[in-house]
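So this one's target_32.cif, mmCIF, C-alpha atoms:
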data_target
loop_
_atom_site.label_atom_id
_atom_site.label_comp_id
_atom_site.auth_asym_id
_atom_site.auth_seq_id
_atom_site.Cartn_x
_atom_site.Cartn_y
_atom_site.Cartn_z
CA MET A 5 0.00 0.00 0.00
CA ASP A 6 1.48 3.36 -1.02
CA LEU A 7 0.38 6.98 -1.13
CA ARG A 8 -0.48 6.85 -4.82
CA GLN A 9 -2.89 3.95 -4.29
CA ILE A 10 -4.53 5.78 -1.40
CA GLN A 11 -4.94 8.91 -3.51
CA TYR A 12 -6.50 6.87 -6.30
CA PHE A 13 -8.85 5.18 -3.84
CA ILE A 14 -9.96 8.51 -2.30
CA CYS A 15 -10.65 10.00 -5.72
CA LEU A 16 -12.69 6.97 -6.83
CA TYR A 17 -14.59 6.97 -3.53
CA GLU A 18 -15.58 10.62 -4.03
CA GLU A 19 -16.37 10.45 -7.74
CA LYS A 20 -18.14 7.05 -7.62
CA SER A 21 -17.14 6.57 -11.26
CA VAL A 22 -13.97 5.16 -12.79
CA THR A 23 -14.36 7.47 -15.77
CA LYS A 24 -14.71 10.62 -13.67
CA ALA A 25 -11.98 9.62 -11.24
CA ALA A 26 -9.51 8.82 -14.02
CA LYS A 27 -10.24 12.17 -15.65
CA ARG A 28 -9.71 14.01 -12.36
CA LEU A 29 -6.41 12.14 -11.79
CA ASN A 30 -5.35 12.61 -15.41
CA ILE A 31 -4.67 8.88 -15.91
CA VAL A 32 -6.19 6.16 -18.07
CA GLN A 33 -9.03 4.08 -16.61
CA PRO A 34 -7.21 0.70 -16.68
CA ALA A 35 -4.39 2.14 -14.57
CA LEU A 36 -6.87 3.31 -11.95
CA SER A 37 -8.74 0.00 -11.87
CA ARG A 38 -5.48 -1.91 -11.60
CA GLN A 39 -4.24 0.08 -8.60
CA VAL A 40 -7.57 -0.21 -6.77
CA SER A 41 -7.65 -3.97 -7.40
CA LYS A 42 -4.11 -4.28 -5.97
CA LEU A 43 -5.25 -2.35 -2.92
CA GLU A 44 -8.26 -4.66 -2.42
CA THR A 45 -5.98 -7.71 -2.74
CA GLU A 46 -3.53 -6.33 -0.20
CA ILE A 47 -6.10 -5.55 2.48
CA GLY A 48 -8.19 -8.63 1.71
CA ARG A 49 -11.46 -6.72 1.54
CA GLU A 50 -13.69 -5.53 -1.27
CA LEU A 51 -13.86 -1.74 -1.45
CA PHE A 52 -16.41 -1.19 -4.22
CA HIS A 53 -19.37 -2.93 -5.77
CA ARG A 54 -19.18 -2.49 -9.55
CA THR A 55 -22.59 -1.77 -11.09
CA PRO A 56 -23.77 -0.34 -14.42
CA ARG A 57 -24.61 2.86 -12.56
CA GLY A 58 -21.18 3.30 -11.04
CA MET A 59 -19.05 2.28 -8.09
CA HIS A 60 -20.75 1.83 -4.73
CA SER A 61 -18.55 1.88 -1.64
CA THR A 62 -18.57 -0.98 0.86
CA PRO A 63 -18.37 -0.56 4.65
CA ALA A 64 -14.64 -1.31 4.34
CA ALA A 65 -14.27 1.59 1.91
CA ASP A 66 -16.20 3.91 4.21
CA GLU A 67 -13.88 3.06 7.07
CA MET A 68 -10.76 3.38 4.94
CA TYR A 69 -11.84 6.76 3.56
CA SER A 70 -12.44 8.22 7.03
CA LEU A 71 -9.03 6.99 8.20
CA PHE A 72 -6.90 8.05 5.25
CA LEU A 73 -8.50 11.33 4.15
CA PRO A 74 -6.95 13.35 7.04
CA VAL A 75 -3.57 11.71 6.36
CA VAL A 76 -3.57 12.62 2.66
CA SER A 77 -4.79 16.15 3.43
CA ALA A 78 -2.01 16.63 6.00
CA PHE A 79 0.59 15.34 3.53
CA LYS A 80 -0.53 17.79 0.85
CA SER A 81 -0.45 20.69 3.31
CA ALA A 82 3.04 19.76 4.51
CA LYS A 83 4.27 19.39 0.94
CA THR A 84 2.93 22.80 0.02
CA LYS A 85 4.60 24.41 3.01
CA VAL A 86 7.99 22.74 2.43
CA THR A 87 8.16 23.34 -1.31
CA HIS A 88 7.33 27.04 -0.94
CA SER A 89 9.41 27.76 2.15
CA GLY A 90 11.75 30.66 1.49
CA LYS A 91 10.40 31.25 -2.02
CA SER A 92 8.45 34.22 -3.29
CA LEU A 93 4.81 33.36 -3.81
CA THR A 94 3.40 33.04 -7.32
CA GLY A 95 0.25 31.78 -9.00
CA HIS A 96 -3.41 32.65 -9.26
CA VAL A 97 -5.73 32.50 -6.25
CA ARG A 98 -9.55 32.24 -6.50
CA VAL A 99 -11.41 33.20 -3.34
CA GLY A 100 -15.12 33.30 -2.51
CA LEU A 101 -16.45 35.74 0.07
CA ILE A 102 -19.81 36.63 1.51
CA ALA A 103 -20.55 40.29 0.89
CA SER A 104 -20.07 41.57 4.43
CA ILE A 105 -16.43 40.47 4.43
CA GLY A 106 -15.88 42.00 1.03
CA HIS A 107 -17.39 45.32 2.07
CA ASN A 108 -15.58 45.56 5.37
CA VAL A 109 -11.98 44.54 4.83
CA LEU A 110 -11.35 43.46 1.25
CA PRO A 111 -10.02 46.67 -0.37
CA LEU A 112 -7.32 47.14 2.26
CA VAL A 113 -6.34 43.47 2.22
CA LEU A 114 -6.04 43.39 -1.57
CA THR A 115 -3.77 46.43 -1.56
CA GLN A 116 -1.52 45.07 1.18
CA PHE A 117 -1.28 41.63 -0.40
CA ALA A 118 -0.42 43.02 -3.84
CA GLU A 119 2.40 45.08 -2.36
CA THR A 120 3.86 42.07 -0.52
CA HIS A 121 3.30 39.45 -3.22
CA PRO A 122 3.36 41.17 -6.63
CA ASP A 123 3.65 37.88 -8.54
CA VAL A 124 0.32 36.53 -7.26
CA THR A 125 -2.90 37.34 -9.07
CA LEU A 126 -6.27 37.21 -7.34
CA SER A 127 -9.90 36.84 -8.35
CA ILE A 128 -12.59 37.45 -5.73
CA THR A 129 -16.14 36.17 -6.08
CA GLU A 130 -18.87 37.49 -3.81
CA GLY A 131 -22.03 35.45 -3.45
CA LEU A 132 -24.40 33.41 -1.33
CA THR A 133 -22.97 30.83 1.05
CA ASP A 134 -24.14 27.59 -0.57
CA ILE A 135 -23.27 28.79 -4.07
CA LEU A 136 -19.74 29.65 -2.97
CA CYS A 137 -19.34 26.30 -1.20
CA GLU A 138 -20.48 24.48 -4.33
CA SER A 139 -17.84 26.39 -6.30
CA VAL A 140 -15.16 25.32 -3.82
CA SER A 141 -16.38 21.72 -4.03
CA ASN A 142 -16.20 21.58 -7.84
CA GLY A 143 -12.84 23.34 -8.02
CA HIS A 144 -13.95 26.70 -9.41
CA LEU A 145 -12.73 28.39 -6.20
CA ASP A 146 -9.69 27.56 -4.07
CA LEU A 147 -11.37 28.49 -0.79
CA ALA A 148 -14.21 30.54 0.64
CA LEU A 149 -15.09 32.45 3.77
CA THR A 150 -18.83 32.15 4.28
CA ASN A 151 -21.61 31.72 6.75
CA HIS A 152 -22.00 28.12 7.85
CA PRO A 153 -23.59 26.35 4.87
CA LYS A 154 -26.86 24.46 5.15
CA GLY A 155 -25.97 22.07 2.32
CA GLU A 156 -23.52 19.14 2.32
CA PHE A 157 -20.51 19.72 0.09
CA ASN A 158 -17.80 17.32 1.38
CA LEU A 159 -15.64 20.28 2.42
CA ILE A 160 -13.48 20.90 5.44
CA LEU A 161 -15.10 23.73 7.42
CA GLU A 162 -12.82 25.58 9.84
CA SER A 163 -14.74 27.67 12.36
CA VAL A 164 -13.37 31.19 12.10
CA LEU A 165 -15.52 33.43 14.28
CA ARG A 166 -18.95 33.98 15.72
CA GLU A 167 -20.60 37.36 15.52
CA ALA A 168 -23.75 38.74 17.11
CA LEU A 169 -26.75 39.52 14.93
CA VAL A 170 -28.85 42.44 16.16
CA LEU A 171 -32.17 43.98 15.30
CA THR A 172 -31.96 47.24 13.35
CA SER A 173 -34.44 50.09 13.12
CA SER A 174 -34.60 53.66 11.80
CA LEU A 175 -32.62 56.21 13.77
CA SER A 176 -34.63 59.20 12.61
CA SER A 177 -38.21 58.15 12.03
CA GLY A 178 -41.05 56.16 13.46
CA GLU A 179 -41.47 54.51 16.82
CA LYS A 180 -38.50 54.36 19.16
CA LEU A 181 -38.15 50.74 20.20
CA PRO A 182 -36.64 49.44 23.44
CA ARG A 183 -32.95 48.51 23.52
CA LYS A 184 -33.78 44.83 24.10
CA MET A 185 -36.59 43.00 22.38
CA ALA A 186 -37.92 39.47 22.17
CA LEU A 187 -38.50 37.93 18.76
CA SER A 188 -42.18 37.46 19.61
CA ASP A 189 -42.51 41.26 19.80
CA ILE A 190 -40.29 41.95 16.79
CA VAL A 191 -42.49 39.95 14.38
CA LYS A 192 -45.38 42.31 15.10
CA HIS A 193 -43.52 44.95 13.06
CA PRO A 194 -42.92 45.03 9.28
CA LEU A 195 -39.70 43.19 8.44
CA VAL A 196 -37.05 43.29 5.71
CA LEU A 197 -35.11 40.00 5.50
CA PRO A 198 -32.71 38.32 3.04
CA THR A 199 -34.14 35.71 0.67
CA ARG A 200 -34.37 32.07 1.76
CA ASP A 201 -31.21 31.14 -0.17
CA HIS A 202 -29.18 33.62 1.87
CA GLY A 203 -26.95 32.29 4.65
CA LEU A 204 -28.25 34.78 7.21
CA ARG A 205 -31.85 33.93 6.40
CA PHE A 206 -31.09 30.31 7.23
CA VAL A 207 -29.70 31.42 10.61
CA LEU A 208 -32.74 33.61 11.28
CA ASP A 209 -35.30 30.98 10.28
CA ASP A 210 -33.56 28.34 12.38
CA TYR A 211 -33.50 30.70 15.38
CA ALA A 212 -37.19 31.53 14.97
CA LYS A 213 -38.18 27.88 14.50
CA LYS A 214 -36.61 26.96 17.84
CA LEU A 215 -38.82 29.59 19.45
CA GLY A 216 -41.93 28.37 17.64
CA ILE A 217 -42.14 31.52 15.51
CA THR A 218 -42.48 31.91 11.75
CA LEU A 219 -40.84 34.92 10.08
CA LEU A 220 -43.08 36.61 7.49
CA PRO A 221 -41.17 39.53 5.96
CA ASP A 222 -42.79 42.34 3.99
CA PHE A 223 -39.76 42.41 1.68
CA GLU A 224 -37.03 39.88 0.88
CA VAL A 225 -33.85 41.65 -0.25
CA ASP A 226 -30.28 40.30 -0.35
CA SER A 227 -28.52 43.62 -0.98
CA ILE A 228 -27.02 45.06 2.21
CA ILE A 229 -27.39 48.63 1.02
CA SER A 230 -31.01 48.16 -0.08
CA GLN A 231 -31.92 46.60 3.25
CA ALA A 232 -30.23 49.43 5.13
CA LEU A 233 -31.95 52.15 3.12
CA LEU A 234 -35.39 50.60 3.63
CA ILE A 235 -34.79 50.26 7.36
CA SER A 236 -33.36 53.77 7.72
CA GLN A 237 -36.50 55.26 6.18
CA GLY A 238 -38.79 53.26 8.47
CA PRO A 239 -41.02 51.65 9.55
CA TYR A 240 -39.22 48.42 8.61
CA LEU A 241 -37.01 46.39 10.91
CA GLY A 242 -34.22 43.98 9.96
CA PHE A 243 -31.36 41.88 11.30
CA MET A 244 -27.70 42.52 10.58
CA PRO A 245 -24.28 41.53 11.92
CA GLU A 246 -22.77 44.21 14.13
CA SER A 247 -19.83 44.61 11.76
CA VAL A 248 -22.19 45.52 8.92
CA ILE A 249 -23.87 48.21 11.00
CA LYS A 250 -20.45 49.67 11.78
CA TYR A 251 -19.48 49.58 8.11
CA LEU A 252 -22.70 51.30 7.04
CA ARG A 253 -22.13 54.04 9.58
CA ASP A 254 -18.42 54.62 8.89
CA ARG A 255 -18.27 54.11 5.11
CA SER A 256 -21.75 54.76 3.73
CA SER A 257 -23.13 57.32 6.19
CA ILE A 258 -26.18 55.17 6.83
CA HIS A 259 -27.02 55.30 10.52
CA LEU A 260 -29.25 52.64 12.06
CA ARG A 261 -30.35 52.02 15.62
CA SER A 262 -29.42 48.58 16.95
CA HIS A 263 -31.33 46.51 19.49
CA GLN A 264 -30.17 43.41 21.32
CA LEU A 265 -32.37 40.32 21.30
CA THR A 266 -33.39 38.82 24.60
CA ALA A 267 -32.07 35.33 25.35
CA PRO A 268 -31.20 33.15 23.59
CA ALA A 269 -28.42 35.02 21.80
CA LEU A 270 -28.54 35.23 18.00
CA GLN A 271 -25.21 34.73 16.25
CA ARG A 272 -23.80 33.82 12.89
CA GLU A 273 -20.75 31.63 12.35
CA ILE A 274 -18.22 32.37 9.63
CA VAL A 275 -16.28 29.36 8.36
CA TYR A 276 -13.25 28.82 6.16
CA ALA A 277 -14.22 26.23 3.53
CA TYR A 278 -11.83 24.25 1.37
CA ASN A 279 -11.79 20.99 -0.53
CA PRO A 280 -9.51 18.41 1.16
CA GLN A 281 -8.61 17.05 -2.28
CA ARG A 282 -7.48 20.47 -3.47
CA VAL A 283 -5.51 21.91 -0.58
CA PRO A 284 -5.08 25.68 -1.06
CA SER A 285 -1.67 26.77 -2.31
CA ALA A 286 0.84 28.68 -0.22
CA ALA A 287 -0.30 31.87 -1.93
CA ALA A 288 -3.95 31.14 -1.10
CA GLN A 289 -3.07 30.36 2.50
CA SER A 290 -1.07 33.58 2.79
CA PHE A 291 -3.96 35.64 1.46
CA ALA A 292 -6.35 33.91 3.86
CA GLN A 293 -4.05 34.74 6.79
CA LEU A 294 -3.96 38.41 5.86
CA LEU A 295 -7.72 38.48 5.40
CA MET A 296 -8.27 36.84 8.77
CA SER A 297 -5.97 39.32 10.49
CA ALA A 298 -7.92 42.21 9.02
CA MET A 299 -11.21 40.66 10.13
CA ARG A 300 -9.92 40.27 13.68
CA GLU A 301 -8.95 43.92 13.77
CA THR A 302 -12.11 45.40 12.30
CA LEU A 303 -15.06 43.18 13.18
CA VAL A 304 -16.97 44.03 16.31
CA LEU A 305 -17.16 40.77 18.25
CA PRO A 306 -18.36 41.36 21.83
CA LEU A 307 -20.22 38.04 22.00
CA GLY A 308 -17.98 35.88 19.90
CA SER A 309 -14.51 34.46 19.75
CA VAL A 310 -11.99 34.35 16.96
CA ILE A 311 -10.20 31.09 16.26
CA GLU A 312 -6.79 31.49 14.62
CA LEU A 313 -6.71 30.07 11.13
CA ARG A 314 -3.86 27.57 11.16
CA ARG A 315 -1.70 27.95 8.12
CA ALA A 316 -0.79 24.35 7.40
CA SER A 317 -2.10 22.07 10.12
CA SER A 318 -3.60 18.68 9.42
CA ARG A 319 -7.11 20.14 9.09
CA SER A 320 -6.22 23.64 8.08
CA LEU A 321 -4.98 23.73 5.56
CA GLU A 322 -24.18 33.84 3.81
CA SER A 323 -24.21 36.53 1.55
CA VAL A 324 -23.82 39.27 4.14
#

structure tokens encoding of this file:
Amino acid sequence: MDLRQIQYFICLYEEKSVTKAAKRLNIVQPALSRQVSKLETEIGRELFHRTPRGMHSTPAADEMYSLFLPVVSAFKSAKTKVTHSGKSLTGHVRVGLIASIGHNVLPLVLTQFAETHPDVTLSITEGLTDILCESVSNGHLDLALTNHPKGEFNLILESVLREALVLTSSLSSGEKLPRKMALSDIVKHPLVLPTRDHGLRFVLDDYAKKLGITLLPDFEVDSIISQALLISQGPYLGFMPESVIKYLRDRSSIHLRSHQLTAPALQREIVYAYNPQRVPSAAAQSFAQLLMSAMRETLVLPLGSVIELRRASSRSLESV
């Protein structure tokens, strides 16, 4: 049993097709089948059931995949770190971000990174959480920083930070609401919420469901600025991360009143998502580190904690 056989096995396990796995590995199909057969002979257990519809994993394959995936991921991370140690970074990095991160810290981070690593090019995609995670899963993005996805994408999700979500209301018009409010009282007012595909909407709906409440917004709008303008004019209420409220005040001159929710606390979790079969390059990891440092410095996190993003550990390496 060698590393190449394990890599072939993992790829076939994930693709569930010899044709697709061979294409992903850039080898011919007989070579892949031969290596997997050797592996089955060596361990004395069948790993796949061959059917006209594809390869179906056996319990032995499930166990083997769970044991060897972290090992292969750690090897790739270590290789990346060693081969780039002491060298200037090069290459192209594709990153997905939810909009609140892009609005808050991205311009400064891009400028700083370009000055330090002039031979690295970057493309940044802003979007909804599950769409970005799908793009990481299929290889269109190297990594993404998103809200915690509701879908299953076979990605490694590193918890990055938790941030309080607060109720927002108009600062200049309408009824002045109390500083703390229960959700049961909030839903009596007209609401502006993100659409149901939005990562924050998933958080809000899940929070409300646990309290036996259904959210029925007057408007569903994903745009941060559009939400903020509707709320600032009144009488609409909405929910936003504290960092977004700060950004709107400091950069866009949109001032909103914030209100804490009574227990239980309402928070969002931002995660660092990457595909264990496509470990981000040294350049991608370096950009992620700089981005994380900027987030730690600028995000308002009174109720949350920031977990350092490990650069090359065994596991380390929606839209708001």

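Picked out by the PyMOL selection byres ((chain A and resi 17) around 8) when it runs on this file: Phe13, Ile14, Cys15, Leu16, Glu18, Glu19, Lys20, Met59, Ser61, Ala65 and Tyr69 of chain A.
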
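Once the PyMOL selection byres ((chain A and resi 124) around 10) is applied to the shown structure, the selection contains A:Ser92, A:Leu93, A:Thr94, A:Gly95, A:His96, A:Val97, A:Phe117, A:Ala118, A:Thr120, A:His121, A:Pro122, A:Asp123, A:Thr125, A:Leu126, A:Ala287, A:Ala288, A:Phe291.
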
Include C-alpha atoms and write out the residues we just selected as a PDB file, in the coordinates of the input.
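selection.pdb written:
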ATOM      1  CA  SER A  92       8.450  34.220  -3.290  1.00  0.00           C
ATOM      2  CA  LEU A  93       4.810  33.360  -3.810  1.00  0.00           C
ATOM      3  CA  THR A  94       3.400  33.040  -7.320  1.00  0.00           C
ATOM      4  CA  GLY A  95       0.250  31.780  -9.000  1.00  0.00           C
ATOM      5  CA  HIS A  96      -3.410  32.650  -9.260  1.00  0.00           C
ATOM      6  CA  VAL A  97      -5.730  32.500  -6.250  1.00  0.00           C
ATOM      7  CA  PHE A 117      -1.280  41.630  -0.400  1.00  0.00           C
ATOM      8  CA  ALA A 118      -0.420  43.020  -3.840  1.00  0.00           C
ATOM      9  CA  THR A 120       3.860  42.070  -0.520  1.00  0.00           C
ATOM     10  CA  HIS A 121       3.300  39.450  -3.220  1.00  0.00           C
ATOM     11  CA  PRO A 122       3.360  41.170  -6.630  1.00  0.00           C
ATOM     12  CA  ASP A 123       3.650  37.880  -8.540  1.00  0.00           C
ATOM     13  CA  THR A 125      -2.900  37.340  -9.070  1.00  0.00           C
ATOM     14  CA  LEU A 126      -6.270  37.210  -7.340  1.00  0.00           C
ATOM     15  CA  ALA A 287      -0.300  31.870  -1.930  1.00  0.00           C
ATOM     16  CA  ALA A 288      -3.950  31.140  -1.100  1.00  0.00           C
ATOM     17  CA  PHE A 291      -3.960  35.640   1.460  1.00  0.00           C
TER      18      PHE A 291
END

Evaluate the PyMOL selection byres ((chain A and resi 161) around 10) and record the selected residues as a PDB file with C-alpha atoms, in the coordinates of the input, following the chain and residue labels used in the document.
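File produced: selection28.pdb:
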ATOM      1  CA  CYS A 137     -19.340  26.300  -1.200  1.00  0.00           C
ATOM      2  CA  ALA A 148     -14.210  30.540   0.640  1.00  0.00           C
ATOM      3  CA  LEU A 149     -15.090  32.450   3.770  1.00  0.00           C
ATOM      4  CA  THR A 150     -18.830  32.150   4.280  1.00  0.00           C
ATOM      5  CA  HIS A 152     -22.000  28.120   7.850  1.00  0.00           C
ATOM      6  CA  PRO A 153     -23.590  26.350   4.870  1.00  0.00           C
ATOM      7  CA  PHE A 157     -20.510  19.720   0.090  1.00  0.00           C
ATOM      8  CA  ASN A 158     -17.800  17.320   1.380  1.00  0.00           C
ATOM      9  CA  LEU A 159     -15.640  20.280   2.420  1.00  0.00           C
ATOM     10  CA  ILE A 160     -13.480  20.900   5.440  1.00  0.00           C
ATOM     11  CA  GLU A 162     -12.820  25.580   9.840  1.00  0.00           C
ATOM     12  CA  SER A 163     -14.740  27.670  12.360  1.00  0.00           C
ATOM     13  CA  VAL A 164     -13.370  31.190  12.100  1.00  0.00           C
ATOM     14  CA  ILE A 274     -18.220  32.370   9.630  1.00  0.00           C
ATOM     15  CA  VAL A 275     -16.280  29.360   8.360  1.00  0.00           C
ATOM     16  CA  TYR A 276     -13.250  28.820   6.160  1.00  0.00           C
ATOM     17  CA  ALA A 277     -14.220  26.230   3.530  1.00  0.00           C
ATOM     18  CA  TYR A 278     -11.830  24.250   1.370  1.00  0.00           C
ATOM     19  CA  ASN A 279     -11.790  20.990  -0.530  1.00  0.00           C
ATOM     20  CA  PRO A 280      -9.510  18.410   1.160  1.00  0.00           C
ATOM     21  CA  ARG A 319      -7.110  20.140   9.090  1.00  0.00           C
ATOM     22  CA  SER A 320      -6.220  23.640   8.080  1.00  0.00           C
TER      23      SER A 320
END

(Q) Which residue is closest to Leu295 of chain A? Choose from A:Ile105, A:Ala168, A:Ile190, A:Ile258 and count all atoms listed in the file. (A)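 That would be A:Ile105, the residue with the smallest distance to Leu295 of chain A.
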
Counting only C-alpha atoms, which residues in segment 250-275 of chain A sit no more than 10 Å from segment 208-231 of chain A? For each one, give the nearest pair of atoms and the distance in Å, sorted by chain then residue number, as a tab-separated table.
residue	atom	partner	partner_atom	distance
A:Leu252	CA	A:Ile229	CA	8.1
A:Ser256	CA	A:Ile229	CA	8.8
A:Ile258	CA	A:Ile229	CA	8.8
A:Pro268	CA	A:Tyr211	CA	8.9
A:Ala269	CA	A:Tyr211	CA	9.3
A:Leu270	CA	A:Tyr211	CA	7.2
A:Gln271	CA	A:Leu208	CA	9.1
A:Arg272	CA	A:Leu208	CA	9.1

Q: Kindly indicate which residue among A:Met296, A:Leu260, A:Val207, A:Ile102 lies nearest to Lys180 of chain A, using all atoms listed in the file for the distances.
A: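 Of the candidates, the smallest distance to Lys180 of chain A is held by A:Leu260.
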
Q: Could you please determine the separation between atom CA of His107 of chain A and atom CA of Pro245 of chain A in Å, to one decimal place?
A: 12.6 Å

Q. Which is closest to Phe72 of chain A among A:Arg54, A:Arg49, A:Pro111, A:Ile10, if we use only C-alpha atoms?
A. A:Ile10

Q | Nearby residues (all atoms listed in the file) at most 12 Å from Gln11 of chain A, same-chain spacing under 2 positions excluded, as an MDAnalysis selection string | A | chainID A and resid 5:9 13:18 25:26 28:29 36 39:40 43 68:69 72:77 79:80 280:282

Export C-alpha atoms of the chosen residues as a compact mmCIF listing (two decimals), in the frame of the given file?
# COMPACT_ATOMS: atom_id res chain seq x y z
CA MET A 5 0.00 0.00 0.00
CA ASP A 6 1.48 3.36 -1.02
CA LEU A 7 0.38 6.98 -1.13
CA ARG A 8 -0.48 6.85 -4.82
CA GLN A 9 -2.89 3.95 -4.29
CA PHE A 13 -8.85 5.18 -3.84
CA ILE A 14 -9.96 8.51 -2.30
CA CYS A 15 -10.65 10.00 -5.72
CA LEU A 16 -12.69 6.97 -6.83
CA TYR A 17 -14.59 6.97 -3.53
CA GLU A 18 -15.58 10.62 -4.03
CA ALA A 25 -11.98 9.62 -11.24
CA ALA A 26 -9.51 8.82 -14.02
CA ARG A 28 -9.71 14.01 -12.36
CA LEU A 29 -6.41 12.14 -11.79
CA LEU A 36 -6.87 3.31 -11.95
CA GLN A 39 -4.24 0.08 -8.60
CA VAL A 40 -7.57 -0.21 -6.77
CA LEU A 43 -5.25 -2.35 -2.92
CA MET A 68 -10.76 3.38 4.94
CA TYR A 69 -11.84 6.76 3.56
CA PHE A 72 -6.90 8.05 5.25
CA LEU A 73 -8.50 11.33 4.15
CA PRO A 74 -6.95 13.35 7.04
CA VAL A 75 -3.57 11.71 6.36
CA VAL A 76 -3.57 12.62 2.66
CA SER A 77 -4.79 16.15 3.43
CA PHE A 79 0.59 15.34 3.53
CA LYS A 80 -0.53 17.79 0.85
CA PRO A 280 -9.51 18.41 1.16
CA GLN A 281 -8.61 17.05 -2.28
CA ARG A 282 -7.48 20.47 -3.47

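When atom CA of Ala292 of chain A is paired with atom CA of Asp146 of chain A, their separation reads 10.7 Å.
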